[in-house]
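The next block holds one structure in the form of structure tokens; read it before the comments.
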Amino acid sequence: HSDWIMCMEADHSALLCGTRDAHIRVYDTRCDDVLHTLHEHNDAVMSLAVRDYYMVSGSWDDKMVLWDMRVRKAVCTYEGHRGPVRCLYFGSRMLASGSWDQEVHVRDFGAEPVKGLLYV
């Protein structure tokens, strides 16, 4: 890493690390190799949450990014917080995010994690 590790999450055989340099590094837990480096944020990655083959990252740039980890690509970006996204919960039907703006945002996905309604 070239900067501080801000958060970590595990998924299947990978360890995901969010860093202050706005990257997410995906490590193979069997051999400690960096498999992929993901970059979509403009500031430190502060939080990560995983569900099935999807990951959500929250950042100091006030945004969340939904990733499809099968192809290691960003699917969409969620905006709406007015402060760093510090914590995430990614359940079977919802995504909840907490921010330094003192708000909790909840998105109800139903069966499809890309589409959702925002409740503040």
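In the structure tokens, chains take the letters A, B, ... in the order shown, each chain's residues start at 1, and ligands count up from 1 in the order shown.
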| Spatial neighbours of Gly98 of chain A, 10 Å, only C-alpha atoms, chain gap at least 5 places, as a ChimeraX atom specification | /A:47,58,81,83-89,103-106
Which residues, written as a short mmCIF file (atom, residue, chain, number, x, y, z; two decimals) with C-alpha atoms, in the first residue's frame, have at least one atom at most 10 Å from Thr77 of chain A, with only C-alpha atoms counted and residues fewer than 3 positions away on the same chain left out?
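The resulting file, around_14.cif, is shown below:
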data_model
loop_
_atom_site.label_atom_id
_atom_site.label_comp_id
_atom_site.auth_asym_id
_atom_site.auth_seq_id
_atom_site.Cartn_x
_atom_site.Cartn_y
_atom_site.Cartn_z
CA GLU A 40 -13.60 5.01 -8.72
CA HIS A 41 -13.49 7.36 -5.73
CA VAL A 56 -20.31 -1.26 -1.91
CA SER A 57 -17.62 1.25 -1.05
CA GLY A 58 -18.13 4.50 0.85
CA LYS A 63 -20.26 8.94 -2.50
CA MET A 64 -20.95 5.22 -2.53
CA VAL A 65 -20.01 2.98 -5.43
CA LEU A 66 -21.67 -0.37 -6.17
CA TRP A 67 -19.24 -2.89 -7.68
CA ALA A 74 -18.33 -0.17 -10.92
CA VAL A 114 -28.67 -1.92 -8.78
#
| message | Residues within 10 Å of Thr19 of chain A, please, as a PyMOL selection string. Count only C-alpha atoms; anything in the same chain fewer than 3 positions from it doesn't count. | response | chain A and resi 1-8+16+22-25+43-47+59
| task | For Met55 of chain A, list every protein, DNA or RNA residue within 9 Å, evaluated using only C-alpha atoms, and leave out those in the same chain fewer than 2 positions away; present the list as an MDAnalysis selection string. | result | chainID A and resid 11 48:53 57 65:69 90
Export of the given selection (N, CA, C and O atoms) as an mmCIF file, in the first residue's frame:
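Full text of selection-v9.cif as output:
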data_model
loop_
_atom_site.group_PDB
_atom_site.id
_atom_site.type_symbol
_atom_site.label_atom_id
_atom_site.label_comp_id
_atom_site.auth_asym_id
_atom_site.auth_seq_id
_atom_site.Cartn_x
_atom_site.Cartn_y
_atom_site.Cartn_z
ATOM 1 N N ASP A 11 -14.392 -11.438 1.423
ATOM 2 C CA ASP A 11 -15.373 -11.974 0.492
ATOM 3 C C ASP A 11 -14.812 -13.235 -0.142
ATOM 4 O O ASP A 11 -13.795 -13.173 -0.827
ATOM 5 N N LEU A 48 -16.519 -0.416 3.541
ATOM 6 C CA LEU A 48 -16.797 -1.448 2.550
ATOM 7 C C LEU A 48 -17.851 -2.392 3.103
ATOM 8 O O LEU A 48 -17.882 -2.653 4.300
ATOM 9 N N ALA A 49 -18.698 -2.906 2.227
ATOM 10 C CA ALA A 49 -19.671 -3.938 2.602
ATOM 11 C C ALA A 49 -19.858 -4.855 1.406
ATOM 12 O O ALA A 49 -19.839 -4.411 0.254
ATOM 13 N N VAL A 50 -20.043 -6.148 1.681
ATOM 14 C CA VAL A 50 -20.131 -7.156 0.633
ATOM 15 C C VAL A 50 -21.423 -7.944 0.785
ATOM 16 O O VAL A 50 -21.847 -8.261 1.896
ATOM 17 N N ARG A 51 -22.038 -8.256 -0.353
ATOM 18 C CA ARG A 51 -23.189 -9.162 -0.407
ATOM 19 C C ARG A 51 -23.108 -9.931 -1.705
ATOM 20 O O ARG A 51 -23.083 -9.340 -2.787
ATOM 21 N N ASP A 52 -23.083 -11.242 -1.596
ATOM 22 C CA ASP A 52 -22.988 -12.110 -2.771
ATOM 23 C C ASP A 52 -21.803 -11.665 -3.630
ATOM 24 O O ASP A 52 -20.690 -11.625 -3.142
ATOM 25 N N TYR A 53 -22.061 -11.304 -4.877
ATOM 26 C CA TYR A 53 -20.977 -10.892 -5.769
ATOM 27 C C TYR A 53 -20.902 -9.382 -5.924
ATOM 28 O O TYR A 53 -20.264 -8.880 -6.853
ATOM 29 N N SER A 57 -18.670 0.489 -1.710
ATOM 30 C CA SER A 57 -17.619 1.250 -1.047
ATOM 31 C C SER A 57 -18.146 2.646 -0.730
ATOM 32 O O SER A 57 -18.879 3.233 -1.518
ATOM 33 N N VAL A 65 -20.113 3.628 -4.126
ATOM 34 C CA VAL A 65 -20.012 2.981 -5.427
ATOM 35 C C VAL A 65 -20.402 1.514 -5.264
ATOM 36 O O VAL A 65 -19.916 0.837 -4.353
ATOM 37 N N LEU A 66 -21.289 1.033 -6.130
ATOM 38 C CA LEU A 66 -21.666 -0.369 -6.169
ATOM 39 C C LEU A 66 -20.813 -1.065 -7.220
ATOM 40 O O LEU A 66 -20.736 -0.605 -8.370
ATOM 41 N N TRP A 67 -20.148 -2.147 -6.814
ATOM 42 C CA TRP A 67 -19.235 -2.889 -7.684
ATOM 43 C C TRP A 67 -19.786 -4.278 -7.942
ATOM 44 O O TRP A 67 -20.295 -4.921 -7.034
ATOM 45 N N ASP A 68 -19.647 -4.761 -9.164
ATOM 46 C CA ASP A 68 -19.887 -6.167 -9.491
ATOM 47 C C ASP A 68 -18.521 -6.836 -9.440
ATOM 48 O O ASP A 68 -17.673 -6.613 -10.318
ATOM 49 N N MET A 69 -18.290 -7.641 -8.422
ATOM 50 C CA MET A 69 -16.965 -8.211 -8.215
ATOM 51 C C MET A 69 -16.656 -9.359 -9.173
ATOM 52 O O MET A 69 -15.504 -9.759 -9.297
ATOM 53 N N PHE A 90 -25.021 -3.848 4.130
ATOM 54 C CA PHE A 90 -25.517 -4.365 2.860
ATOM 55 C C PHE A 90 -26.239 -5.670 3.141
ATOM 56 O O PHE A 90 -25.626 -6.719 3.262
#
| message | Would you compute the distance between atom CA of Glu79 of chain A and atom CA of Ser97 of chain A? Give it in Å to one decimal. | response |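 Computing the Euclidean distance for atom CA of Glu79 of chain A and atom CA of Ser97 of chain A yields 11.0 Å.
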